$ cat start-v2.cif   # mmCIF, C-alpha atoms
data_query
#
loop_
_atom_site.label_atom_id
_atom_site.label_comp_id
_atom_site.auth_asym_id
_atom_site.auth_seq_id
_atom_site.Cartn_x
_atom_site.Cartn_y
_atom_site.Cartn_z
CA MET A 1 -12.73 9.94 -15.12
CA ARG A 2 -10.82 12.93 -13.80
CA LYS A 3 -7.11 12.74 -13.00
CA TYR A 4 -5.16 15.26 -10.95
CA GLU A 5 -1.39 14.82 -11.15
CA ASP A 6 1.62 15.74 -9.05
CA ILE A 7 -0.25 16.88 -5.96
CA ALA A 8 2.32 17.70 -3.27
CA TYR A 9 1.59 16.05 0.05
CA ILE A 10 4.76 17.66 1.41
CA ASP A 11 5.40 20.99 -0.28
CA ASP A 12 9.17 20.83 -0.70
CA GLY A 13 9.56 20.42 -4.46
CA ASP A 14 10.59 16.75 -4.19
CA LYS A 15 8.79 14.51 -6.73
CA GLY A 16 9.02 11.77 -4.13
CA HIS A 17 6.49 13.77 -2.13
CA THR A 18 3.75 13.87 -4.77
CA LEU A 19 0.71 11.81 -5.66
CA ASP A 20 -1.91 11.44 -8.38
CA ILE A 21 -5.60 11.08 -7.70
CA TYR A 22 -8.24 9.53 -9.96
CA LEU A 23 -11.88 10.49 -9.49
CA PRO A 24 -15.05 9.26 -11.17
CA ASP A 25 -17.14 11.77 -13.09
CA THR A 26 -19.38 12.66 -10.18
CA THR A 27 -20.28 15.90 -8.47
CA VAL A 28 -20.60 17.05 -4.89
CA THR A 29 -24.39 17.21 -5.23
CA GLU A 30 -24.47 13.52 -6.16
CA CYS A 31 -22.70 12.65 -2.89
CA SER A 32 -23.82 12.85 0.70
CA ASN A 33 -22.65 15.80 2.78
CA SER A 34 -19.74 13.79 4.17
CA GLY A 35 -18.84 12.26 0.81
CA SER A 36 -19.75 8.87 -0.56
CA LEU A 37 -16.56 7.67 -2.26
CA SER A 38 -14.27 5.22 -0.54
CA LEU A 39 -10.60 6.12 -0.88
CA VAL A 40 -8.04 3.59 -2.11
CA ILE A 41 -4.41 4.60 -1.52
CA TYR A 42 -2.02 2.59 -3.69
CA VAL A 43 1.65 2.19 -2.69
CA HIS A 44 3.90 1.02 -5.53
CA GLY A 45 6.65 -1.56 -5.27
CA GLY A 46 10.14 -1.56 -6.77
CA ALA A 47 12.36 -2.80 -3.95
CA TRP A 48 12.40 0.64 -2.26
CA ARG A 49 14.73 1.79 -5.06
CA THR A 50 12.82 2.03 -8.38
CA ASP A 51 9.45 2.83 -9.97
CA ASP A 52 6.99 5.55 -9.10
CA LYS A 53 3.32 6.42 -9.57
CA SER A 54 3.74 6.75 -13.36
CA THR A 55 4.82 3.12 -13.78
CA VAL A 56 1.53 1.90 -12.29
CA SER A 57 -0.76 4.60 -13.68
CA PHE A 58 -3.03 1.89 -15.15
CA ILE A 59 -4.08 1.00 -11.58
CA GLY A 60 -6.12 4.21 -11.29
CA PRO A 61 -8.49 3.73 -14.24
CA GLY A 62 -8.57 -0.04 -13.66
CA LEU A 63 -9.72 0.19 -10.07
CA LEU A 64 -12.16 3.01 -10.85
CA GLU A 65 -13.87 0.83 -13.45
CA GLU A 66 -13.83 -2.30 -11.29
CA THR A 67 -15.29 -0.48 -8.28
CA GLY A 68 -18.11 0.92 -10.38
CA ASN A 69 -16.91 4.48 -9.78
CA ARG A 70 -17.61 4.11 -6.07
CA ALA A 71 -14.05 4.95 -5.03
CA ALA A 72 -11.36 7.57 -5.50
CA ILE A 73 -7.91 6.15 -6.25
CA ALA A 74 -4.72 7.85 -5.05
CA ILE A 75 -1.31 6.58 -6.22
CA ILE A 76 1.53 7.94 -4.14
CA ASN A 77 5.23 8.46 -4.59
CA TYR A 78 7.79 8.16 -1.82
CA ARG A 79 11.51 8.84 -1.79
CA LEU A 80 13.71 5.98 -2.97
CA SER A 81 16.99 4.44 -1.85
CA THR A 82 19.74 4.27 -4.46
CA ARG A 83 23.50 3.86 -4.53
CA ASP A 84 23.84 7.61 -4.12
CA PRO A 85 25.17 8.10 -0.56
CA ALA A 86 22.81 11.07 -0.22
CA SER A 87 19.68 9.02 -0.91
CA VAL A 88 17.27 8.17 1.88
CA ARG A 89 17.16 5.00 3.96
CA HIS A 90 14.67 3.42 6.34
CA PRO A 91 12.50 4.80 7.89
CA ALA A 92 12.25 7.65 5.33
CA HIS A 93 10.09 5.62 2.90
CA LEU A 94 7.68 4.74 5.71
CA ASP A 95 7.61 8.33 6.97
CA ASP A 96 6.70 9.50 3.46
CA VAL A 97 3.89 6.95 3.08
CA CYS A 98 2.46 7.93 6.45
CA ALA A 99 2.64 11.62 5.49
CA ALA A 100 0.78 10.91 2.24
CA ILE A 101 -1.94 8.98 4.07
CA GLU A 102 -2.37 11.76 6.61
CA PHE A 103 -2.57 14.37 3.83
CA LEU A 104 -5.23 12.45 1.91
CA ILE A 105 -7.36 11.94 5.01
CA THR A 106 -7.02 15.32 6.70
CA ASP A 107 -6.14 17.98 4.10
CA ALA A 108 -9.18 19.54 2.44
CA SER A 109 -7.22 21.47 -0.20
CA TYR A 110 -6.89 18.83 -2.94
CA HIS A 111 -9.36 18.11 -5.73
CA GLY A 112 -12.02 15.59 -4.70
CA HIS A 113 -11.48 15.70 -0.95
CA GLU A 114 -15.09 16.77 -0.46
CA LEU A 115 -16.30 13.64 -2.31
CA ILE A 116 -14.43 11.19 -0.09
CA ASN A 117 -15.77 9.36 2.93
CA GLN A 118 -12.87 9.82 5.32
CA GLU A 119 -14.07 6.85 7.36
CA SER A 120 -13.73 4.44 4.41
CA VAL A 121 -10.04 4.40 3.50
CA TYR A 122 -8.16 1.36 2.19
CA LEU A 123 -4.44 0.83 1.55
CA VAL A 124 -3.22 -1.37 -1.30
CA GLY A 125 0.47 -2.16 -1.68
CA HIS A 126 2.58 -4.30 -3.99
CA SER A 127 5.95 -5.86 -3.10
CA ALA A 128 7.90 -3.20 -1.18
CA GLY A 129 4.68 -1.18 -1.25
CA ALA A 130 2.92 -3.98 0.64
CA HIS A 131 5.72 -3.77 3.21
CA LEU A 132 5.13 -0.04 3.59
CA ALA A 133 1.33 -0.24 3.63
CA THR A 134 1.27 -2.87 6.37
CA MET A 135 4.01 -1.18 8.40
CA SER A 136 2.12 2.11 8.26
CA VAL A 137 -0.83 0.62 10.17
CA LEU A 138 1.09 -1.72 12.47
CA LYS A 139 3.80 0.68 13.59
CA GLY A 140 2.74 3.71 15.56
CA THR A 141 -0.47 5.26 16.85
CA HIS A 142 -1.33 7.76 14.14
CA GLY A 143 -4.61 9.61 14.60
CA TRP A 144 -5.64 8.71 11.06
CA LEU A 145 -5.54 4.97 11.80
CA ARG A 146 -9.22 5.04 12.77
CA SER A 147 -10.02 5.98 9.14
CA ILE A 148 -8.27 2.91 7.72
CA LYS A 149 -10.74 0.09 7.19
CA GLY A 150 -8.52 -2.42 5.39
CA VAL A 151 -5.14 -3.22 3.85
CA VAL A 152 -4.45 -5.34 0.77
CA GLY A 153 -0.93 -6.62 0.13
CA ILE A 154 0.07 -8.46 -3.06
CA GLY A 155 3.47 -10.02 -3.68
CA GLY A 156 4.54 -8.42 -0.43
CA ILE A 157 7.66 -8.42 1.72
CA TYR A 158 6.75 -8.92 5.36
CA ASP A 159 9.84 -10.64 6.80
CA ILE A 160 13.15 -9.13 5.69
CA PRO A 161 15.43 -11.66 7.46
CA GLY A 162 13.35 -14.49 6.00
CA LEU A 163 13.53 -12.90 2.55
CA LEU A 164 17.33 -12.72 2.67
CA GLN A 165 17.61 -16.26 3.97
CA LYS A 166 15.68 -17.53 0.96
CA TYR A 167 17.09 -15.07 -1.59
CA PRO A 168 20.62 -14.06 -0.44
CA SER A 169 21.20 -12.03 -3.62
CA TYR A 170 18.42 -9.64 -2.59
CA SER A 171 20.84 -8.09 -0.12
CA ASP A 172 21.94 -5.98 -3.10
CA PHE A 173 18.80 -3.83 -2.88
CA VAL A 174 17.83 -4.46 0.75
CA ASP A 175 21.12 -3.00 1.93
CA MET A 176 20.47 0.17 -0.06
CA ALA A 177 17.34 0.77 2.02
CA PHE A 178 18.13 -0.71 5.46
CA ASP A 179 21.01 -1.13 7.86
CA SER A 180 21.46 -4.77 8.81
CA ASN A 181 20.47 -4.06 12.40
CA GLN A 182 17.10 -2.78 11.12
CA TYR A 183 16.02 -5.91 9.26
CA ALA A 184 13.95 -7.40 12.08
CA GLU A 185 12.33 -4.25 13.47
CA ALA A 186 11.54 -3.02 9.96
CA SER A 187 9.62 -6.22 9.13
CA PRO A 188 5.80 -6.11 9.33
CA LEU A 189 5.90 -9.65 10.73
CA ASN A 190 7.61 -8.30 13.83
CA ALA A 191 5.50 -5.14 14.03
CA ILE A 192 2.36 -7.16 14.78
CA PRO A 193 1.43 -6.66 18.45
CA ALA A 194 1.32 -9.72 20.69
CA GLU A 195 -2.41 -9.07 21.13
CA SER A 196 -4.34 -7.08 18.53
CA LYS A 197 -6.73 -5.64 21.12
CA GLN A 198 -3.85 -3.59 22.49
CA SER A 199 -3.22 -2.02 19.10
CA ALA A 200 -4.70 1.02 17.37
CA SER A 201 -4.93 -1.21 14.29
CA ALA A 202 -7.21 -3.81 15.94
CA HIS A 203 -10.20 -2.89 13.74
CA ILE A 204 -8.35 -3.16 10.42
CA ARG A 205 -9.10 -5.93 7.92
CA PHE A 206 -6.24 -7.59 6.02
CA MET A 207 -6.22 -9.28 2.61
CA VAL A 208 -2.85 -10.84 1.74
CA ILE A 209 -2.31 -12.15 -1.80
CA ASN A 210 0.55 -14.05 -3.40
CA SER A 211 0.49 -15.48 -6.89
CA THR A 212 1.86 -18.97 -7.39
CA GLU A 213 3.36 -17.58 -10.60
CA ASP A 214 5.33 -14.90 -8.74
CA GLU A 215 8.94 -15.54 -9.68
CA LEU A 216 10.40 -13.03 -7.21
CA ILE A 217 8.53 -13.48 -3.91
CA GLY A 218 7.49 -16.89 -2.56
CA SER A 219 4.15 -17.45 -0.85
CA ASP A 220 5.94 -18.17 2.45
CA GLN A 221 6.11 -14.42 3.06
CA ALA A 222 2.31 -14.09 2.85
CA VAL A 223 1.59 -17.30 4.75
CA GLY A 224 3.89 -16.39 7.64
CA PHE A 225 2.49 -12.88 7.92
CA VAL A 226 -1.14 -14.04 7.89
CA GLY A 227 -0.37 -16.71 10.48
CA ARG A 228 1.11 -14.11 12.82
CA LEU A 229 -1.87 -11.77 12.35
CA ILE A 230 -4.26 -14.57 13.27
CA GLU A 231 -2.16 -15.57 16.28
CA ALA A 232 -2.32 -11.96 17.48
CA GLY A 233 -6.11 -12.01 17.34
CA TYR A 234 -6.91 -9.96 14.25
CA GLU A 235 -10.43 -11.07 13.39
CA ASP A 236 -10.73 -10.31 9.67
CA VAL A 237 -7.73 -11.74 7.85
CA ALA A 238 -7.81 -13.41 4.43
CA LEU A 239 -5.09 -15.19 2.45
CA ILE A 240 -5.19 -15.81 -1.30
CA VAL A 241 -2.50 -17.97 -2.89
CA ARG A 242 -3.30 -18.87 -6.49
CA LYS A 243 -2.33 -18.16 -10.10
CA ILE A 244 -2.75 -14.47 -10.79
CA GLY A 245 0.33 -13.71 -12.89
CA ASP A 246 4.00 -13.02 -12.40
CA HIS A 247 5.34 -10.45 -9.95
CA TYR A 248 4.52 -7.41 -12.08
CA GLY A 249 1.99 -8.91 -14.48
CA GLU A 250 -0.42 -9.62 -11.61
CA LEU A 251 -1.05 -5.90 -11.22
CA GLU A 252 -2.55 -5.66 -14.71
CA ARG A 253 -4.94 -8.56 -14.18
CA LYS A 254 -8.60 -7.64 -13.79
CA GLU A 255 -8.73 -10.52 -11.34
CA PHE A 256 -6.54 -8.51 -8.94
CA TRP A 257 -8.66 -5.38 -9.37
CA ARG A 258 -11.77 -7.49 -8.75
CA ILE A 259 -10.32 -8.90 -5.52
CA VAL A 260 -9.65 -5.37 -4.27
CA SER A 261 -13.13 -4.18 -5.22
CA ARG A 262 -14.83 -7.11 -3.50
CA PHE A 263 -12.69 -6.60 -0.40
CA ILE A 264 -13.93 -3.02 -0.15
CA PHE A 265 -17.58 -3.36 -1.09
CA ASN A 266 -18.64 -6.93 -0.25
#
$ encode --input "start-v2.cif" --output "structure tokens"
Amino acid sequence: MRKYEDIAYIDDGDKGHTLDIYLPDTTVTECSNSGSLSLVIYVHGGAWRTDDKSTVSFIGPGLLEETGNRAAIAIINYRLSTRDPASVRHPAHLDDVCAAIEFLITDASYHGHELINQESVYLVGHSAGAHLATMSVLKGTHGWLRSIKGVVGIGGIYDIPGLLQKYPSYSDFVDMAFDSNQYAEASPLNAIPAESKQSASAHIRFMVINSTEDELIGSDQAVGFVGRLIEAGYEDVALIVRKIGDHYGELERKEFWRIVSRFIFN
């Protein structure tokens, strides 16, 4: 395994604009001219206010092993919202994630770019990261959307008003990241087009996972989001609700890594 750290996807000196990439021990000559590795872009959680790529660094080696070294794994940072009045708020986190995706797909300057199949890109997000991963493909008409083949969300937040209705105390961190008048429009549930065929994301597959042992996010978030995707006409949507571990422990389970690998390669 080769790991390249702190690659700037926006060259401004902000650690929130960096990523790490994990590559199998392969060479250009072992790949086709256009590259043979799928690219998995992982977006960390942390309620838009904590954590970064270092707190989930185990995801890189774990997914590399589970995919049989058939994928490159990128783990991205994005700027966070804190109690500091100068910290960012929505949509800055989403803008950062979209910039990182665009960089990984279009910029040929980073290590391993030549090994990657730019038409086989998958997003994986946890908690707030699932919110950002799904919003990135549902909101907007980015040119790189055609490269995205699928999105996996685990323990995700897809309906901010619904989240606050069920967990009123979560307003403590939600209000750091969003103005109250942004709750609805910033929810992936409401970003789903009325008819998927009208959307640039119509071709994208979705896998939505929620552990029954998740003590922080109930499965109603996943169920409601999947139901809306199906109503809109998305043709490849899967829902998994079963015991996988608690909200953070699920990420270290090989079962989760296996689900991601099968989603990509089966």
$ closest_residue --input "start-v2.cif" --among "A:Leu39, A:Val208, A:Ile160, A:Val152" --to "A:Tyr183" --atoms "only C-alpha atoms"
A:Ile160
$ residues_around --input "start-v2.cif" --residues "stretch 140-149 of chain A" --least-positions-apart "5" --cutoff "7 Å" --atoms "all atoms listed in the file" --output "PDB file with C-alpha atoms, in the coordinates of the input"
ATOM      1  CA  GLU A 102      -2.370  11.760   6.610  1.00  0.00           C
ATOM      2  CA  GLN A 118     -12.870   9.820   5.320  1.00  0.00           C
ATOM      3  CA  GLU A 119     -14.070   6.850   7.360  1.00  0.00           C
ATOM      4  CA  SER A 120     -13.730   4.440   4.410  1.00  0.00           C
ATOM      5  CA  VAL A 121     -10.040   4.400   3.500  1.00  0.00           C
ATOM      6  CA  TYR A 122      -8.160   1.360   2.190  1.00  0.00           C
ATOM      7  CA  ALA A 200      -4.700   1.020  17.370  1.00  0.00           C
ATOM      8  CA  SER A 201      -4.930  -1.210  14.290  1.00  0.00           C
ATOM      9  CA  ILE A 204      -8.350  -3.160  10.420  1.00  0.00           C
ATOM     10  CA  ARG A 205      -9.100  -5.930   7.920  1.00  0.00           C
TER      11      ARG A 205
END
$ atom_distance --input "start-v2.cif" --atom1 "atom CA of A:Arg2" --atom2 "atom CA of A:Ser38"
15.7 Å
$ resolve_selection --input "start-v2.cif" --expression "the PyMOL selection byres ((chain A and resi 57-67) around 12)" --output "PyMOL selection string"
chain A and resi 1-5+19-25+37-44+51-56+68-77+124-126+249-266
$ axis_aligned_box --input "start-v2.cif" --around "stretch 206-225 of chain A" --padding-each-side "4 Å" --output "AutoDock Vina command-line options"
--center_x 2.1 --center_y -13.3 --center_z -1.3 --size_x 24.6 --size_y 19.4 --size_z 26.5
$ atom_distance --input "start-v2.cif" --atom1 "atom CA of A:Ala128" --atom2 "atom CA of A:Gly46"
6.2 Å
$ resolve_selection --input "start-v2.cif" --expression "the PyMOL selection byres ((chain A and resi 16) around 10)" --output "number ranges by chain"
A: 6, 8-10, 12-15, 17-19, 52-53, 76-80, 93, 96
$ write_last_selection --input "start-v2.cif" --atoms "C-alpha atoms" --output "PDB file, in the frame of the given file"
ATOM      1  CA  ASP A   6       1.620  15.740  -9.050  1.00  0.00           C
ATOM      2  CA  ALA A   8       2.320  17.700  -3.270  1.00  0.00           C
ATOM      3  CA  TYR A   9       1.590  16.050   0.050  1.00  0.00           C
ATOM      4  CA  ILE A  10       4.760  17.660   1.410  1.00  0.00           C
ATOM      5  CA  ASP A  12       9.170  20.830  -0.700  1.00  0.00           C
ATOM      6  CA  GLY A  13       9.560  20.420  -4.460  1.00  0.00           C
ATOM      7  CA  ASP A  14      10.590  16.750  -4.190  1.00  0.00           C
ATOM      8  CA  LYS A  15       8.790  14.510  -6.730  1.00  0.00           C
ATOM      9  CA  HIS A  17       6.490  13.770  -2.130  1.00  0.00           C
ATOM     10  CA  THR A  18       3.750  13.870  -4.770  1.00  0.00           C
ATOM     11  CA  LEU A  19       0.710  11.810  -5.660  1.00  0.00           C
ATOM     12  CA  ASP A  52       6.990   5.550  -9.100  1.00  0.00           C
ATOM     13  CA  LYS A  53       3.320   6.420  -9.570  1.00  0.00           C
ATOM     14  CA  ILE A  76       1.530   7.940  -4.140  1.00  0.00           C
ATOM     15  CA  ASN A  77       5.230   8.460  -4.590  1.00  0.00           C
ATOM     16  CA  TYR A  78       7.790   8.160  -1.820  1.00  0.00           C
ATOM     17  CA  ARG A  79      11.510   8.840  -1.790  1.00  0.00           C
ATOM     18  CA  LEU A  80      13.710   5.980  -2.970  1.00  0.00           C
ATOM     19  CA  HIS A  93      10.090   5.620   2.900  1.00  0.00           C
ATOM     20  CA  ASP A  96       6.700   9.500   3.460  1.00  0.00           C
TER      21      ASP A  96
END
$ closest_atom_pairs --input "start-v2.cif" --of "stretch 68-128 of chain A" --to "stretch 161-173 of chain A" --cutoff "12 Å" --atoms "all atoms listed in the file" --output "Markdown table"
| residue | atom | partner | partner_atom | distance |
| --- | --- | --- | --- | --- |
| A:Leu80 | CA | A:Phe173 | CA | 11.1 |
| A:Ser81 | CA | A:Phe173 | CA | 8.5 |
| A:Thr82 | CA | A:Phe173 | CA | 8.3 |
| A:Arg83 | CA | A:Phe173 | CA | 9.2 |
| A:Arg89 | CA | A:Phe173 | CA | 11.3 |
| A:Ser127 | CA | A:Leu163 | CA | 11.8 |
| A:Ala128 | CA | A:Phe173 | CA | 11.0 |
$ write_last_selection --input "start-v2.cif" --atoms "C-alpha atoms" --output "mmCIF file, in the coordinates of the input"
data_model
loop_
_atom_site.group_PDB
_atom_site.id
_atom_site.type_symbol
_atom_site.label_atom_id
_atom_site.label_comp_id
_atom_site.auth_asym_id
_atom_site.auth_seq_id
_atom_site.Cartn_x
_atom_site.Cartn_y
_atom_site.Cartn_z
ATOM 1 C CA LEU A 80 13.710 5.980 -2.970
ATOM 2 C CA SER A 81 16.990 4.440 -1.850
ATOM 3 C CA THR A 82 19.740 4.270 -4.460
ATOM 4 C CA ARG A 83 23.500 3.860 -4.530
ATOM 5 C CA ARG A 89 17.160 5.000 3.960
ATOM 6 C CA SER A 127 5.950 -5.860 -3.100
ATOM 7 C CA ALA A 128 7.900 -3.200 -1.180
#
$ closest_residue --input "start-v2.cif" --among "A:Gly245, A:Gly150, A:Gly156, A:Pro85" --to "A:Phe206" --atoms "all atoms listed in the file"
A:Gly150
$ atom_distance --input "start-v2.cif" --atom1 "atom CA of A:Gly227" --atom2 "atom CA of A:Gly129"
20.1 Å
$ closest_residue --input "start-v2.cif" --among "A:Ala86, A:Ile101, A:Met176, A:Val237" --to "A:His203" --atoms "only C-alpha atoms"
A:Val237
$ closest_residue --input "start-v2.cif" --among "A:Glu185, A:Asp84, A:Glu195, A:Glu114" --to "A:Tyr234" --atoms "only C-alpha atoms"
A:Glu195
$ closest_residue --input "start-v2.cif" --among "A:Ile230, A:Val174, A:Ala47, A:Ala99" --to "A:Gly155" --atoms "all atoms listed in the file"
A:Ala47
$ closest_residue --input "start-v2.cif" --among "A:Ile240, A:Thr106, A:Pro91, A:Asp11" --to "A:Asp179" --atoms "all atoms listed in the file"
A:Pro91
